[in-house]
$ cat input_23.pdb   # PDB, C-alpha atoms
MODEL        1
ATOM      1  CA  MET A   1      -6.060 -28.941  -7.625
ATOM      2  CA  GLN A   2      -9.788 -28.695  -6.902
ATOM      3  CA  PRO A   3     -10.997 -25.321  -5.518
ATOM      4  CA  LYS A   4     -12.792 -25.447  -2.152
ATOM      5  CA  ASN A   5     -14.590 -22.165  -2.596
ATOM      6  CA  ARG A   6     -14.676 -19.236  -4.982
ATOM      7  CA  MET A   7     -16.063 -15.704  -5.107
ATOM      8  CA  LYS A   8     -16.011 -12.835  -7.580
ATOM      9  CA  ILE A   9     -16.916  -9.191  -7.086
ATOM     10  CA  GLU A  10     -16.867  -6.057  -9.203
ATOM     11  CA  PHE A  11     -16.454  -2.553  -7.823
ATOM     12  CA  GLU A  12     -15.772   0.971  -9.030
ATOM     13  CA  SER A  13     -12.222   2.293  -9.285
ATOM     14  CA  LYS A  14     -12.582   4.611  -6.293
ATOM     15  CA  SER A  15      -9.816   4.881  -3.701
ATOM     16  CA  VAL A  16     -12.333   4.281  -0.902
ATOM     17  CA  ASN A  17     -12.721   0.753  -2.309
ATOM     18  CA  GLU A  18      -9.064  -0.129  -1.584
ATOM     19  CA  SER A  19      -9.885  -0.946   2.029
ATOM     20  CA  PHE A  20     -13.144  -2.627   0.980
ATOM     21  CA  ALA A  21     -11.283  -5.002  -1.378
ATOM     22  CA  ARG A  22      -8.556  -6.000   1.085
ATOM     23  CA  VAL A  23     -11.037  -6.568   3.927
ATOM     24  CA  VAL A  24     -13.261  -8.728   1.675
ATOM     25  CA  ALA A  25     -10.266 -10.811   0.488
ATOM     26  CA  ALA A  26      -9.068 -11.285   4.090
ATOM     27  CA  ALA A  27     -12.561 -12.240   5.319
ATOM     28  CA  PHE A  28     -12.866 -14.839   2.541
ATOM     29  CA  ALA A  29      -9.356 -16.191   3.217
ATOM     30  CA  SER A  30     -10.110 -16.561   6.929
ATOM     31  CA  GLN A  31     -12.014 -19.784   6.067
ATOM     32  CA  LEU A  32      -8.559 -21.388   5.761
ATOM     33  CA  ASP A  33      -7.558 -20.229   9.264
ATOM     34  CA  PRO A  34      -4.409 -18.304   8.263
ATOM     35  CA  THR A  35      -2.138 -16.626  10.816
ATOM     36  CA  LEU A  36      -2.535 -12.895  11.473
ATOM     37  CA  GLU A  37       0.755 -12.270   9.672
ATOM     38  CA  GLU A  38      -0.408 -14.208   6.598
ATOM     39  CA  LEU A  39      -3.670 -12.230   6.548
ATOM     40  CA  ALA A  40      -1.765  -8.944   6.859
ATOM     41  CA  ASP A  41       0.481  -9.952   3.921
ATOM     42  CA  LEU A  42      -2.573 -10.821   1.813
ATOM     43  CA  LYS A  43      -4.288  -7.521   2.649
ATOM     44  CA  THR A  44      -1.181  -5.543   1.717
ATOM     45  CA  ALA A  45      -0.755  -7.331  -1.633
ATOM     46  CA  VAL A  46      -4.465  -6.890  -2.528
ATOM     47  CA  SER A  47      -4.273  -3.212  -1.581
ATOM     48  CA  GLU A  48      -1.259  -2.760  -3.880
ATOM     49  CA  ALA A  49      -2.962  -4.446  -6.852
ATOM     50  CA  VAL A  50      -6.230  -2.492  -6.433
ATOM     51  CA  THR A  51      -4.353   0.799  -5.968
ATOM     52  CA  ASN A  52      -2.392   0.096  -9.174
ATOM     53  CA  ALA A  53      -5.646  -0.503 -11.066
ATOM     54  CA  ILE A  54      -7.056   2.823  -9.806
ATOM     55  CA  ILE A  55      -3.954   4.998 -10.271
ATOM     56  CA  HIS A  56      -2.272   3.418 -13.274
ATOM     57  CA  GLY A  57      -4.957   1.283 -14.966
ATOM     58  CA  TYR A  58      -7.752   3.834 -14.919
ATOM     59  CA  GLU A  59      -5.546   6.885 -14.222
ATOM     60  CA  GLN A  60      -7.959   7.879 -11.432
ATOM     61  CA  GLN A  61     -10.908   7.991 -13.875
ATOM     62  CA  GLU A  62     -14.063   5.882 -13.745
ATOM     63  CA  GLY A  63     -13.743   2.174 -14.363
ATOM     64  CA  LEU A  64     -14.571  -1.231 -12.993
ATOM     65  CA  ILE A  65     -12.247  -3.537 -11.083
ATOM     66  CA  ILE A  66     -12.958  -7.249 -10.870
ATOM     67  CA  MET A  67     -11.610  -9.275  -7.954
ATOM     68  CA  GLU A  68     -11.845 -13.046  -7.856
ATOM     69  CA  CYS A  69     -10.670 -15.163  -4.908
ATOM     70  CA  ILE A  70     -10.248 -18.917  -5.167
ATOM     71  CA  LEU A  71      -9.614 -21.038  -2.081
ATOM     72  CA  TYR A  72      -7.777 -24.346  -2.209
ATOM     73  CA  ASP A  73      -6.875 -26.620   0.739
ATOM     74  CA  ASP A  74      -3.865 -24.587   1.835
ATOM     75  CA  ARG A  75      -3.762 -21.488  -0.364
ATOM     76  CA  ILE A  76      -5.671 -18.591  -1.867
ATOM     77  CA  THR A  77      -5.398 -17.271  -5.404
ATOM     78  CA  VAL A  78      -6.505 -13.676  -5.930
ATOM     79  CA  ILE A  79      -7.116 -12.307  -9.423
ATOM     80  CA  ILE A  80      -7.468  -8.546  -9.818
ATOM     81  CA  GLU A  81      -8.386  -7.267 -13.236
ATOM     82  CA  ASP A  82      -9.006  -3.877 -14.823
ATOM     83  CA  HIS A  83      -9.852  -2.745 -18.340
ATOM     84  CA  GLY A  84      -7.703   0.351 -18.206
ATOM     85  CA  VAL A  85      -4.691   1.566 -20.176
ATOM     86  CA  GLY A  86      -2.490  -1.488 -19.566
ATOM     87  CA  ILE A  87       1.217  -1.620 -18.705
ATOM     88  CA  GLU A  88       3.617  -0.720 -21.492
ATOM     89  CA  ASP A  89       6.657  -2.531 -20.078
ATOM     90  CA  ILE A  90       5.945  -5.100 -17.345
ATOM     91  CA  GLU A  91       9.624  -5.801 -16.582
ATOM     92  CA  LYS A  92      10.282  -2.087 -16.080
ATOM     93  CA  ALA A  93       7.196  -1.735 -13.867
ATOM     94  CA  LYS A  94       8.518  -4.540 -11.647
ATOM     95  CA  ILE A  95      11.849  -2.828 -10.932
ATOM     96  CA  PRO A  96      11.854  -1.788  -7.228
ATOM     97  CA  ALA A  97      11.370   1.975  -6.792
ATOM     98  CA  TYR A  98      10.502   2.510 -10.481
ATOM     99  CA  THR A  99       7.347   4.589 -10.881
ATOM    100  CA  SER A 100       5.707   6.039 -13.962
ATOM    101  CA  LYS A 101       4.053   8.638 -11.726
ATOM    102  CA  PRO A 102       6.756  10.267  -9.557
ATOM    103  CA  GLU A 103       4.676  13.476  -9.442
ATOM    104  CA  LEU A 104       2.133  11.585  -7.309
ATOM    105  CA  GLU A 105       4.881  10.557  -4.852
ATOM    106  CA  ARG A 106       4.397   6.897  -5.690
ATOM    107  CA  SER A 107       7.145   4.765  -4.163
ATOM    108  CA  GLY A 108       7.340   2.265  -7.030
ATOM    109  CA  MET A 109       7.307  -0.590  -4.507
ATOM    110  CA  GLY A 110       3.877  -2.023  -5.376
ATOM    111  CA  PHE A 111       4.979  -5.042  -7.447
ATOM    112  CA  SER A 112       7.966  -5.706  -5.132
ATOM    113  CA  ILE A 113       5.574  -5.899  -2.169
ATOM    114  CA  MET A 114       3.157  -8.163  -4.061
ATOM    115  CA  GLU A 115       6.051 -10.453  -5.040
ATOM    116  CA  SER A 116       7.514 -10.510  -1.561
ATOM    117  CA  PHE A 117       4.269 -10.883   0.425
ATOM    118  CA  MET A 118       2.704 -13.549  -1.822
ATOM    119  CA  ASP A 119       4.176 -16.858  -3.004
ATOM    120  CA  SER A 120       3.606 -16.228  -6.680
ATOM    121  CA  LEU A 121       2.733 -13.261  -8.880
ATOM    122  CA  PHE A 122       1.733 -13.351 -12.520
ATOM    123  CA  ILE A 123       1.089 -10.178 -14.511
ATOM    124  CA  GLU A 124      -0.725 -10.096 -17.835
ATOM    125  CA  SER A 125      -1.248  -6.776 -19.571
ATOM    126  CA  GLN A 126      -2.076  -5.405 -22.957
ATOM    127  CA  LYS A 127      -1.714  -1.758 -23.857
ATOM    128  CA  GLY A 128      -5.157  -0.184 -24.185
ATOM    129  CA  ALA A 129      -6.949  -3.339 -23.007
ATOM    130  CA  GLY A 130      -6.119  -3.699 -19.309
ATOM    131  CA  THR A 131      -4.177  -5.641 -16.710
ATOM    132  CA  LYS A 132      -4.763  -8.913 -14.894
ATOM    133  CA  ILE A 133      -2.805  -9.751 -11.742
ATOM    134  CA  THR A 134      -2.900 -13.333 -10.480
ATOM    135  CA  MET A 135      -1.255 -13.961  -7.131
ATOM    136  CA  THR A 136      -1.243 -16.898  -4.760
ATOM    137  CA  LYS A 137      -0.440 -17.183  -1.085
ATOM    138  CA  LYS A 138       0.110 -20.470   0.693
ATOM    139  CA  PHE A 139      -0.979 -20.641   4.337
ATOM    140  CA  SER A 140       0.969 -22.633   6.880
ATOM    141  CA  LYS A 141      -0.767 -25.608   8.463
ATOM    142  CA  ARG A 142      -1.530 -24.930  12.123
TER     143      ARG A 142
ATOM    144  CA  MET B   1     -12.089   4.090   7.052
ATOM    145  CA  THR B   2     -10.944   7.496   8.306
ATOM    146  CA  LEU B   3      -7.376   8.173   9.291
ATOM    147  CA  GLU B   4      -7.039  10.415  12.328
ATOM    148  CA  ILE B   5      -4.178  12.912  12.372
ATOM    149  CA  THR B   6      -3.045  14.645  15.560
ATOM    150  CA  LEU B   7      -0.230  17.180  15.620
ATOM    151  CA  LYS B   8       2.005  18.173  18.504
ATOM    152  CA  ARG B   9       4.509  20.944  18.034
ATOM    153  CA  GLN B  10       7.366  21.554  20.441
ATOM    154  CA  ASN B  11       9.725  24.336  19.431
ATOM    155  CA  ARG B  12      11.058  23.255  16.043
ATOM    156  CA  ALA B  13       9.952  19.615  16.269
ATOM    157  CA  LEU B  14       6.634  18.360  14.948
ATOM    158  CA  THR B  15       5.215  14.996  16.020
ATOM    159  CA  VAL B  16       2.456  13.596  13.823
ATOM    160  CA  TYR B  17       0.303  10.887  15.433
ATOM    161  CA  LEU B  18      -1.563   8.747  12.920
ATOM    162  CA  LYS B  19      -4.454   6.452  13.810
ATOM    163  CA  GLY B  20      -6.115   4.154  11.296
ATOM    164  CA  GLU B  21      -5.182   2.710   7.916
ATOM    165  CA  LEU B  22      -2.584   4.415   5.739
ATOM    166  CA  ASP B  23      -3.324   3.647   2.100
ATOM    167  CA  HIS B  24      -3.608   5.632  -1.143
ATOM    168  CA  HIS B  25      -7.082   6.837  -0.102
ATOM    169  CA  ALA B  26      -5.748   8.306   3.161
ATOM    170  CA  VAL B  27      -2.321   9.701   2.211
ATOM    171  CA  SER B  28      -3.411  12.929   0.488
ATOM    172  CA  LYS B  29      -4.910  14.313   3.721
ATOM    173  CA  VAL B  30      -1.734  13.458   5.671
ATOM    174  CA  LYS B  31       0.475  15.035   2.987
ATOM    175  CA  GLU B  32      -1.577  18.246   2.994
ATOM    176  CA  THR B  33      -1.585  18.461   6.803
ATOM    177  CA  ILE B  34       2.174  17.960   7.187
ATOM    178  CA  ASP B  35       3.107  20.176   4.221
ATOM    179  CA  MET B  36       0.999  23.016   5.641
ATOM    180  CA  GLN B  37       2.992  22.771   8.881
ATOM    181  CA  LEU B  38       6.263  22.808   6.925
ATOM    182  CA  VAL B  39       5.437  26.160   5.301
ATOM    183  CA  LYS B  40       3.924  27.658   8.467
ATOM    184  CA  SER B  41       7.176  27.987  10.396
ATOM    185  CA  PRO B  42      10.637  26.366  10.254
ATOM    186  CA  LEU B  43      10.973  22.787  11.464
ATOM    187  CA  SER B  44      14.153  20.938  12.316
ATOM    188  CA  GLN B  45      12.598  17.559  13.057
ATOM    189  CA  LEU B  46       9.572  15.662  11.852
ATOM    190  CA  ILE B  47       8.525  12.647  13.930
ATOM    191  CA  LEU B  48       5.925  10.237  12.609
ATOM    192  CA  ASP B  49       4.323   8.245  15.443
ATOM    193  CA  MET B  50       2.826   5.143  13.854
ATOM    194  CA  SER B  51       1.628   3.387  17.015
ATOM    195  CA  GLY B  52      -2.005   3.814  15.918
ATOM    196  CA  VAL B  53      -1.493   2.666  12.312
ATOM    197  CA  SER B  54      -3.072  -0.744  11.789
ATOM    198  CA  PHE B  55      -2.348  -1.035   8.058
ATOM    199  CA  MET B  56       0.105   0.514   5.604
ATOM    200  CA  ASP B  57       0.965  -0.250   1.988
ATOM    201  CA  SER B  58       3.426   1.336  -0.460
ATOM    202  CA  SER B  59       1.324   4.523  -0.585
ATOM    203  CA  GLY B  60       2.572   5.149   2.962
ATOM    204  CA  ILE B  61       6.156   4.644   1.775
ATOM    205  CA  GLY B  62       5.613   7.281  -0.930
ATOM    206  CA  LEU B  63       4.260   9.673   1.702
ATOM    207  CA  ILE B  64       7.240   9.103   4.034
ATOM    208  CA  VAL B  65       9.887   9.436   1.291
ATOM    209  CA  GLY B  66       8.203  12.623   0.037
ATOM    210  CA  ARG B  67       8.234  14.215   3.514
ATOM    211  CA  TYR B  68      11.819  12.984   4.133
ATOM    212  CA  ASN B  69      12.965  14.733   0.940
ATOM    213  CA  LYS B  70      11.212  17.948   1.984
ATOM    214  CA  MET B  71      12.786  17.860   5.456
ATOM    215  CA  LYS B  72      16.200  17.210   3.900
ATOM    216  CA  CYS B  73      15.766  20.245   1.586
ATOM    217  CA  LEU B  74      14.930  22.342   4.672
ATOM    218  CA  GLY B  75      18.044  21.075   6.462
ATOM    219  CA  GLY B  76      16.028  19.036   8.973
ATOM    220  CA  SER B  77      15.599  15.377   9.816
ATOM    221  CA  MET B  78      12.818  12.855  10.075
ATOM    222  CA  LYS B  79      12.215   9.756  12.146
ATOM    223  CA  ILE B  80       9.523   7.114  12.539
ATOM    224  CA  ILE B  81       8.529   5.849  15.956
ATOM    225  CA  ASN B  82       6.423   2.969  17.316
ATOM    226  CA  PRO B  83       5.505   1.070  14.136
ATOM    227  CA  GLY B  84       3.676  -2.231  14.696
ATOM    228  CA  LEU B  85       5.178  -5.462  13.348
ATOM    229  CA  ASN B  86       3.200  -5.435  10.079
ATOM    230  CA  ILE B  87       4.095  -1.807   9.436
ATOM    231  CA  LEU B  88       7.748  -2.485  10.257
ATOM    232  CA  LYS B  89       7.799  -5.269   7.673
ATOM    233  CA  VAL B  90       6.718  -2.841   4.911
ATOM    234  CA  LEU B  91       9.147  -0.157   6.144
ATOM    235  CA  LYS B  92      12.082  -2.575   6.151
ATOM    236  CA  MET B  93      11.200  -4.035   2.764
ATOM    237  CA  SER B  94      11.283  -0.603   1.197
ATOM    238  CA  GLY B  95      14.737   0.185   2.597
ATOM    239  CA  LEU B  96      13.548   3.179   4.634
ATOM    240  CA  SER B  97      15.634   2.103   7.637
ATOM    241  CA  LYS B  98      18.722   3.122   5.625
ATOM    242  CA  LEU B  99      17.339   6.640   5.173
ATOM    243  CA  MET B 100      16.063   7.455   8.641
ATOM    244  CA  GLU B 101      15.841   6.319  12.235
ATOM    245  CA  ILE B 102      13.024   3.874  12.955
ATOM    246  CA  SER B 103      12.488   3.051  16.607
TER     247      SER B 103
ENDMDL
END
$ encode --input "input_23.pdb" --output "structure tokens"
Amino acid sequence: MQPKNRMKIEFESKSVNESFARVVAAAFASQLDPTLEELADLKTAVSEAVTNAIIHGYEQQEGLIIMECILYDDRITVIIEDHGVGIEDIEKAKIPAYTSKPELERSGMGFSIMESFMDSLFIESQKGAGTKITMTKKFSKR
Amino acid sequence: MTLEITLKRQNRALTVYLKGELDHHAVSKVKETIDMQLVKSPLSQLILDMSGVSFMDSSGIGLIVGRYNKMKCLGGSMKIINPGLNILKVLKMSGLSKLMEIS
């Protein structure tokens, strides 16, 4: 499938950038005229992935997060990448309500929300090297 | 984006009105504000009014579960009122409706 449009940004792993990232992704996706509900789902999933990179990837230390959005005719693919500590056990991390940081009152629902709110989710991670989340959402034709 | 927090206390019930976006960046301030009220004087009910919340992700769920557990330890209860449709979707997905009243 041929992409219609593409953009890539890099930003610091600061919590204030969570809203920045989801608003940018939603603004870019709006070229495909999604419904408000589809945009809200996309924003939530992006927020989860960026928050994971900040809290778990970089453990709230300095680092860079790369977000790439690719638009196709009827869908958006968002890639969120960090060069942080990586995920030791991806299957365990995906279990609903599992969190490696209960002391921070994390709900452990991040990956469940990404899976549920997007149409596909692909996680690549290497311990000590970082994590790359690739997720796609299909928009209904209006 | 700043999250506005307004508190209203009536006897032993505390209503917390939130306005803005509830993400990881915003939750620490809400946690601190509510937890300070919990130690100030006894509470039997905590009500979270989410009518002004335009966005919430799983960080909000962590905040709610944390406060629910604290209220339970104190022998009190907690409920969520007026969530918008997008917020309700996240609340339902996380199974919170089995823990507390959402109306």
$ interface_residues --input "input_23.pdb" --of "chain B" --to "chain A" --cutoff "6 Å" --atoms "all atoms listed in the file" --output "PyMOL selection string"
chain B and resi 25+57-58+62
$ atom_distance --input "input_23.pdb" --atom1 "atom CA of A:Met114" --atom2 "atom CA of B:Glu21"
18.2 Å
$ residues_near_point --input "input_23.pdb" --point "(-12.8, -8.5, 3.1)" --cutoff "12 Å" --atoms "all atoms listed in the file" --output "PyMOL selection string"
chain A and resi 7-9+17-31+39-40+42-43+46-47+67-69
$ atom_distance --input "input_23.pdb" --atom1 "atom CA of A:Asp74" --atom2 "atom CA of B:Lys89"
23.3 Å
$ resolve_selection --input "input_23.pdb" --expression "the PyMOL selection byres ((chain A and resi 70) around 7)" --output "ChimeraX atom specification"
/A:3,5-7,68-69,71-72,76-78
$ residues_around --input "input_23.pdb" --residues "B:Thr6" --least-positions-apart "4" --cutoff "10 Å" --atoms "only C-alpha atoms" --output "VMD selection string"
chain B and resid 15 to 19 33 49
$ atom_distance --input "input_23.pdb" --atom1 "atom CA of B:Gly52" --atom2 "atom CA of B:Leu85"
12.0 Å
$ resolve_selection --input "input_23.pdb" --expression "the PyMOL selection byres ((chain B and resi 56) around 9)" --output "list of chain:residue names"
A:Thr44, B:Glu21, B:Leu22, B:Asp23, B:Val53, B:Ser54, B:Phe55, B:Asp57, B:Ser58, B:Ser59, B:Gly60, B:Ile61, B:Asn86, B:Ile87, B:Val90
$ axis_aligned_box --input "input_23.pdb" --around "stretch 3-6 of chain B" --padding-each-side "4 Å" --output "AutoDock Vina command-line options"
--center_x -5.2 --center_y 11.4 --center_z 12.4 --size_x 12.3 --size_y 14.5 --size_z 14.3
$ closest_residue --input "input_23.pdb" --among "A:Gln61, A:Ser125, A:Thr134, A:Ser140" --to "A:Asp89" --atoms "only C-alpha atoms"
A:Ser125
$ closest_residue --input "input_23.pdb" --among "B:Ser94, B:Met100, B:Ile81, B:Ile5" --to "B:Asn69" --atoms "only C-alpha atoms"
B:Met100
$ resolve_selection --input "input_23.pdb" --expression "the PyMOL selection byres ((chain B and resi 82) around 7)" --output "VMD selection string"
chain B and resid 49 to 51 81 83 to 84 103
$ closest_residue --input "input_23.pdb" --among "A:Met135, A:Thr99, A:Ser13, A:Met118" --to "A:His83" --atoms "only C-alpha atoms"
A:Ser13
$ residues_around --input "input_23.pdb" --residues "stretch 127-131 of chain A" --least-positions-apart "3" --cutoff "8 Å" --atoms "all atoms listed in the file" --output "short mmCIF file (atom, residue, chain, number, x, y, z; two decimals) with C-alpha atoms, in the coordinates of the input"
data_model
loop_
_atom_site.label_atom_id
_atom_site.label_comp_id
_atom_site.auth_asym_id
_atom_site.auth_seq_id
_atom_site.Cartn_x
_atom_site.Cartn_y
_atom_site.Cartn_z
CA ALA A 53 -5.65 -0.50 -11.07
CA GLY A 57 -4.96 1.28 -14.97
CA GLU A 81 -8.39 -7.27 -13.24
CA ASP A 82 -9.01 -3.88 -14.82
CA HIS A 83 -9.85 -2.74 -18.34
CA GLY A 84 -7.70 0.35 -18.21
CA VAL A 85 -4.69 1.57 -20.18
CA GLY A 86 -2.49 -1.49 -19.57
CA ILE A 87 1.22 -1.62 -18.70
CA GLU A 88 3.62 -0.72 -21.49
CA ILE A 123 1.09 -10.18 -14.51
CA GLU A 124 -0.72 -10.10 -17.84
#
$ decode --input "input_23.pdb" --residues "stretch 36-137 of chain A" --atoms "C-alpha atoms" --output "PDB file, in the first residue's frame"
ATOM      1  CA  LEU A  36     -14.376  12.237  16.680  1.00  0.00           C
ATOM      2  CA  GLU A  37     -14.457   8.822  18.351  1.00  0.00           C
ATOM      3  CA  GLU A  38     -11.703   7.494  16.069  1.00  0.00           C
ATOM      4  CA  LEU A  39      -9.563  10.564  16.818  1.00  0.00           C
ATOM      5  CA  ALA A  40     -10.131  10.135  20.561  1.00  0.00           C
ATOM      6  CA  ASP A  41      -9.064   6.462  20.317  1.00  0.00           C
ATOM      7  CA  LEU A  42      -5.911   7.447  18.417  1.00  0.00           C
ATOM      8  CA  LYS A  43      -5.036  10.156  20.952  1.00  0.00           C
ATOM      9  CA  THR A  44      -5.466   7.735  23.850  1.00  0.00           C
ATOM     10  CA  ALA A  45      -3.274   5.049  22.245  1.00  0.00           C
ATOM     11  CA  VAL A  46      -0.518   7.581  21.379  1.00  0.00           C
ATOM     12  CA  SER A  47      -0.646   8.958  24.921  1.00  0.00           C
ATOM     13  CA  GLU A  48      -0.207   5.434  26.324  1.00  0.00           C
ATOM     14  CA  ALA A  49       2.796   4.656  24.098  1.00  0.00           C
ATOM     15  CA  VAL A  50       4.544   7.985  24.832  1.00  0.00           C
ATOM     16  CA  THR A  51       3.863   7.666  28.574  1.00  0.00           C
ATOM     17  CA  ASN A  52       5.363   4.149  28.514  1.00  0.00           C
ATOM     18  CA  ALA A  53       8.497   5.485  26.804  1.00  0.00           C
ATOM     19  CA  ILE A  54       8.867   8.197  29.477  1.00  0.00           C
ATOM     20  CA  ILE A  55       8.093   6.095  32.567  1.00  0.00           C
ATOM     21  CA  HIS A  56       9.388   2.673  31.592  1.00  0.00           C
ATOM     22  CA  GLY A  57      11.745   3.257  28.637  1.00  0.00           C
ATOM     23  CA  TYR A  58      13.680   6.169  30.085  1.00  0.00           C
ATOM     24  CA  GLU A  59      12.585   5.655  33.718  1.00  0.00           C
ATOM     25  CA  GLN A  60      11.725   9.373  33.890  1.00  0.00           C
ATOM     26  CA  GLN A  61      15.304  10.357  32.941  1.00  0.00           C
ATOM     27  CA  GLU A  62      16.397  12.332  29.887  1.00  0.00           C
ATOM     28  CA  GLY A  63      15.981  10.729  26.497  1.00  0.00           C
ATOM     29  CA  LEU A  64      14.572  11.216  23.043  1.00  0.00           C
ATOM     30  CA  ILE A  65      11.307   9.830  21.706  1.00  0.00           C
ATOM     31  CA  ILE A  66      10.735   9.499  17.978  1.00  0.00           C
ATOM     32  CA  MET A  67       7.198   9.515  16.592  1.00  0.00           C
ATOM     33  CA  GLU A  68       6.462   8.730  12.970  1.00  0.00           C
ATOM     34  CA  CYS A  69       2.970   8.875  11.441  1.00  0.00           C
ATOM     35  CA  ILE A  70       2.194   7.379   8.050  1.00  0.00           C
ATOM     36  CA  LEU A  71      -1.133   8.026   6.335  1.00  0.00           C
ATOM     37  CA  TYR A  72      -2.660   5.614   3.848  1.00  0.00           C
ATOM     38  CA  ASP A  73      -6.043   5.931   2.079  1.00  0.00           C
ATOM     39  CA  ASP A  74      -8.094   4.733   5.037  1.00  0.00           C
ATOM     40  CA  ARG A  75      -5.683   4.268   7.940  1.00  0.00           C
ATOM     41  CA  ILE A  76      -2.850   5.715   9.983  1.00  0.00           C
ATOM     42  CA  THR A  77       0.216   3.890  11.242  1.00  0.00           C
ATOM     43  CA  VAL A  78       1.966   5.442  14.234  1.00  0.00           C
ATOM     44  CA  ILE A  79       5.464   4.347  15.241  1.00  0.00           C
ATOM     45  CA  ILE A  80       6.749   5.425  18.648  1.00  0.00           C
ATOM     46  CA  GLU A  81      10.326   4.588  19.468  1.00  0.00           C
ATOM     47  CA  ASP A  82      12.662   5.111  22.411  1.00  0.00           C
ATOM     48  CA  HIS A  83      16.253   4.122  23.115  1.00  0.00           C
ATOM     49  CA  GLY A  84      15.666   3.352  26.759  1.00  0.00           C
ATOM     50  CA  VAL A  85      15.990   0.221  28.885  1.00  0.00           C
ATOM     51  CA  GLY A  86      13.714  -1.995  26.775  1.00  0.00           C
ATOM     52  CA  ILE A  87      11.051  -4.460  27.931  1.00  0.00           C
ATOM     53  CA  GLU A  88      12.307  -7.652  29.536  1.00  0.00           C
ATOM     54  CA  ASP A  89       9.184  -9.742  28.898  1.00  0.00           C
ATOM     55  CA  ILE A  90       6.755  -8.358  26.297  1.00  0.00           C
ATOM     56  CA  GLU A  91       4.071 -11.009  26.905  1.00  0.00           C
ATOM     57  CA  LYS A  92       4.079 -10.237  30.631  1.00  0.00           C
ATOM     58  CA  ALA A  93       3.913  -6.486  29.958  1.00  0.00           C
ATOM     59  CA  LYS A  94       0.808  -7.049  27.817  1.00  0.00           C
ATOM     60  CA  ILE A  95      -1.160  -8.799  30.575  1.00  0.00           C
ATOM     61  CA  PRO A  96      -4.023  -6.456  31.631  1.00  0.00           C
ATOM     62  CA  ALA A  97      -3.359  -4.811  35.013  1.00  0.00           C
ATOM     63  CA  TYR A  98       0.263  -6.040  35.144  1.00  0.00           C
ATOM     64  CA  THR A  99       2.658  -3.223  36.017  1.00  0.00           C
ATOM     65  CA  SER A 100       6.364  -3.259  36.758  1.00  0.00           C
ATOM     66  CA  LYS A 101       5.901  -0.009  38.685  1.00  0.00           C
ATOM     67  CA  PRO A 102       3.035  -0.479  41.181  1.00  0.00           C
ATOM     68  CA  GLU A 103       4.677   2.090  43.492  1.00  0.00           C
ATOM     69  CA  LEU A 104       3.835   4.760  40.893  1.00  0.00           C
ATOM     70  CA  GLU A 105       0.160   3.694  40.913  1.00  0.00           C
ATOM     71  CA  ARG A 106       0.353   2.611  37.290  1.00  0.00           C
ATOM     72  CA  SER A 107      -2.777   0.727  36.253  1.00  0.00           C
ATOM     73  CA  GLY A 108      -1.014  -1.702  33.909  1.00  0.00           C
ATOM     74  CA  MET A 109      -3.678  -1.047  31.266  1.00  0.00           C
ATOM     75  CA  GLY A 110      -1.475   0.771  28.733  1.00  0.00           C
ATOM     76  CA  PHE A 111      -0.949  -2.068  26.228  1.00  0.00           C
ATOM     77  CA  SER A 112      -4.555  -3.302  26.668  1.00  0.00           C
ATOM     78  CA  ILE A 113      -5.814   0.173  25.734  1.00  0.00           C
ATOM     79  CA  MET A 114      -3.457   0.400  22.744  1.00  0.00           C
ATOM     80  CA  GLU A 115      -4.616  -3.039  21.556  1.00  0.00           C
ATOM     81  CA  SER A 116      -8.274  -2.262  22.072  1.00  0.00           C
ATOM     82  CA  PHE A 117      -8.317   1.288  20.658  1.00  0.00           C
ATOM     83  CA  MET A 118      -6.191   0.540  17.573  1.00  0.00           C
ATOM     84  CA  ASP A 119      -6.654  -2.173  14.938  1.00  0.00           C
ATOM     85  CA  SER A 120      -3.176  -3.603  15.260  1.00  0.00           C
ATOM     86  CA  LEU A 121      -0.287  -3.338  17.707  1.00  0.00           C
ATOM     87  CA  PHE A 122       3.234  -4.606  17.207  1.00  0.00           C
ATOM     88  CA  ILE A 123       5.874  -4.348  19.929  1.00  0.00           C
ATOM     89  CA  GLU A 124       9.590  -4.755  19.320  1.00  0.00           C
ATOM     90  CA  SER A 125      11.986  -4.410  22.227  1.00  0.00           C
ATOM     91  CA  GLN A 126      15.508  -5.274  23.164  1.00  0.00           C
ATOM     92  CA  LYS A 127      16.818  -5.069  26.698  1.00  0.00           C
ATOM     93  CA  GLY A 128      19.199  -2.122  26.999  1.00  0.00           C
ATOM     94  CA  ALA A 129      18.500  -0.917  23.447  1.00  0.00           C
ATOM     95  CA  GLY A 130      14.926   0.394  23.468  1.00  0.00           C
ATOM     96  CA  THR A 131      11.363  -0.208  22.357  1.00  0.00           C
ATOM     97  CA  LYS A 132       9.485   0.374  19.119  1.00  0.00           C
ATOM     98  CA  ILE A 133       5.681   0.366  19.063  1.00  0.00           C
ATOM     99  CA  THR A 134       3.946   0.171  15.689  1.00  0.00           C
ATOM    100  CA  MET A 135       0.183   0.576  15.728  1.00  0.00           C
ATOM    101  CA  THR A 136      -2.395   1.089  13.020  1.00  0.00           C
ATOM    102  CA  LYS A 137      -5.921   2.430  13.102  1.00  0.00           C
TER     103      LYS A 137
END
